[in-house]
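Peer 1: Sharing a structure below in C-alpha cells format, with a few things to ask.
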Amino acid sequence: MQPVKINVDPKSWVKTLNKLPWKSPKMIGGALATLLVLGGGGYYLNTTAPAAYVVVNGETVGIVESVGSGEELLEQILEEEGAAFGEAAQIHDQIEFNTARIDNGYTPLSKEELKGKLSFFIEAVELKIADHSMFTLADQKEADELLKAYQEMYVKEDENNKLTSVAFEEEIKTQDVEALPEEITTVEKALEVLKQGNVQKEEYVVEEN
C-alpha cells in the first residue's frame with residue numbers, strides 16, 4: 001500500500017478559497033448570520049450582568065448582585081433583628097438564590113424590602129407561675145435574674161425580724177420557646193409588673209423565747 005500524499009502548499013489553499021462561491025446568496029447569508037450571532041453575543045454580554053433572583057417562600061422578591069451578596073444581606077438582617085437579645089434572629093422562611101444574567105439597569109433588592117418579606121423569631125425562655133404564662137425573656141439567665149431580684153425585694157432585716165431568704169409558694173417553671181421579638185420583655189420591665197401585681201405574701205416574725 002502506497003502512502004497518501006497531502007498537499008500543504010499555501011498557494012494551493014489560496015486557489016481553493018478563490019474558487020469558493022463568495023458572491024452566492026447562500027454564502028453571503030451564512031456569513032451575515034455568523035456575524036450577527038457573534039455580534040449579538042457580544043452585545044448581550046456588554047449590556048447584562050451576572051446576578052441572582054431572591055425567592056422567599058416561592059415568591060421572587062428581588063435581585064441581588066450575587067448569591068454571596070444575598071446571603072450576606074440576609075445575615076446582616078438576622079443579626080440586626082436579634083441584637084437586642086444578644087443573639088441572631090432566626091427564620092423558618094424558605095429562601096433561594098437563582099443565578100441569572102440581568103440587564104445592567106436593574107435595581108438591587110434593599111435590606112428593608114427583604115426584611116419585610118421575612119418572619120423572625122428568637123429562641124427565648126417563657127416564665128410560668130402556677131402554670132400561667134407570665135413573661136418571655138431572652139434566655140434562662142435573665143429568667144433567673146428576674147426571680148432573684150423579686151425575692152430580694154422582700155428580704156429585709158430590722159431589730160425584730162431577720163429575713164434572709166424568700167421562697168415561692170406557687171410552682172415556677174421555665175421552658176424554651178420560639179418567640180417573636182416584640183413578645184420578649186426585659187428583666188426591668190418584668191420586675192415592674194411583678195411589683196404592681198396582686199402578690200400575696202406572708203411575713204413571719206421570729207421572737208426570742
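Residues in the C-alpha cells are named by chain (A, B, ... in the order shown) and by number from 1 within that chain; ligands are numbered from 1 in the order shown.
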Might you pull out every residue within 7 Å of Asn98 (chain A), with only C-alpha atoms counted and same-chain residues fewer than 4 positions away left off, and present them as a list in words?

Peer 2: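 Once the nearby chain positions are removed, what remains is Ala52, Tyr53 and Val54 of chain A.
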
Peer 1: When you count only C-alpha atoms, which of these residues is closest to His92 (chain A): A:Glu178, A:Glu75, A:Glu80, A:Glu113?

Peer 2: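 Checking each of A:Glu178, A:Glu75, A:Glu80, A:Glu113 against His92 (chain A), counting only C-alpha atoms, the winner is A:Glu178.
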
Peer 1: Name the residues of region 46-201 of chain A that fall into alpha helix (DSSP H) according to DSSP on the backbone, using the chain letters and numbers of this document, as a PyMOL selection string.

Peer 2: chain A and resi 46-47+67-82+111-115+140-152+187-196

Peer 1: To one decimal place in Å, what is the distance between CA of Glu142 (chain A) and CA of Asp93 (chain A)?

Peer 2: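 Going from CA of Glu142 (chain A) over to CA of Asp93 (chain A), I get 28.2 Å.
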
Peer 1: Rounded to one decimal in Å, what is the spacing between CA of Phe120 (chain A) and CA of Ile91 (chain A)?

Peer 2: 5.0 Å

Peer 1: In Å, how far is it from CA of Glu81 (chain A) to CA of Thr185 (chain A)?

Peer 2: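 Pair CA of Glu81 (chain A) / CA of Thr185 (chain A) returns 14.7 Å.
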
Peer 1: Which residues, written as JSON, numbers by chain, have at least one atom at most 7 Å from Leu78 (chain A), with only C-alpha atoms counted and residues fewer than 4 positions away on the same chain left out?

Peer 2: {"A": [74, 82, 88, 89, 90]}

Peer 1: Once you have the residues from the selection above, write them out as a CSV table (one decimal), in the first residue's frame, restricted to N, CA, C and O atoms.

Peer 2:
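The result, stored in again_19.csv:
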```csv
chain,number,residue,atom,x,y,z
A,74,LEU,N,-28.8,38.8,54.0
A,74,LEU,CA,-29.7,38.0,55.0
A,74,LEU,C,-29.1,37.9,56.3
A,74,LEU,O,-29.7,38.1,57.4
A,82,GLY,N,-31.8,40.5,66.0
A,82,GLY,CA,-31.6,39.8,67.3
A,82,GLY,C,-30.6,40.5,68.2
A,82,GLY,O,-30.4,40.0,69.3
A,88,ALA,N,-28.5,36.2,67.1
A,88,ALA,CA,-29.1,36.4,65.8
A,88,ALA,C,-30.5,35.9,65.8
A,88,ALA,O,-30.8,34.8,66.4
A,89,ALA,N,-31.4,36.6,65.2
A,89,ALA,CA,-32.7,36.1,65.0
A,89,ALA,C,-32.7,35.0,64.0
A,89,ALA,O,-31.7,34.7,63.3
A,90,GLN,N,-33.8,34.2,64.0
A,90,GLN,CA,-33.9,33.1,63.1
A,90,GLN,C,-35.2,33.1,62.3
A,90,GLN,O,-36.1,33.9,62.6
```

Peer 1: Taking into account only C-alpha atoms, which residue in the set A:Thr99, A:Thr186, A:Thr136, A:Ser69 is nearest to Lys111 (chain A)?

Peer 2: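 Ranking A:Thr99, A:Thr186, A:Thr136, A:Ser69 by distance to Lys111 (chain A), first place goes to A:Ser69.
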
Peer 1: Just want the 12 Å neighbourhood of Thr107 (chain A), counted on only C-alpha atoms, with same-chain residues fewer than 3 positions away dropped. Output as a list in words.

Peer 2: Ala51, Tyr53, Val61, Gly62, Ile63, Val64, Glu65, Ile102, Asp103, Asn104, Ser110 and Glu113 of chain A

Peer 1: Between A:Val177, A:Leu118, A:Leu194, A:Leu137, which one has atoms that come closest to Met153 (chain A), using only C-alpha atoms?

Peer 2: A:Leu194
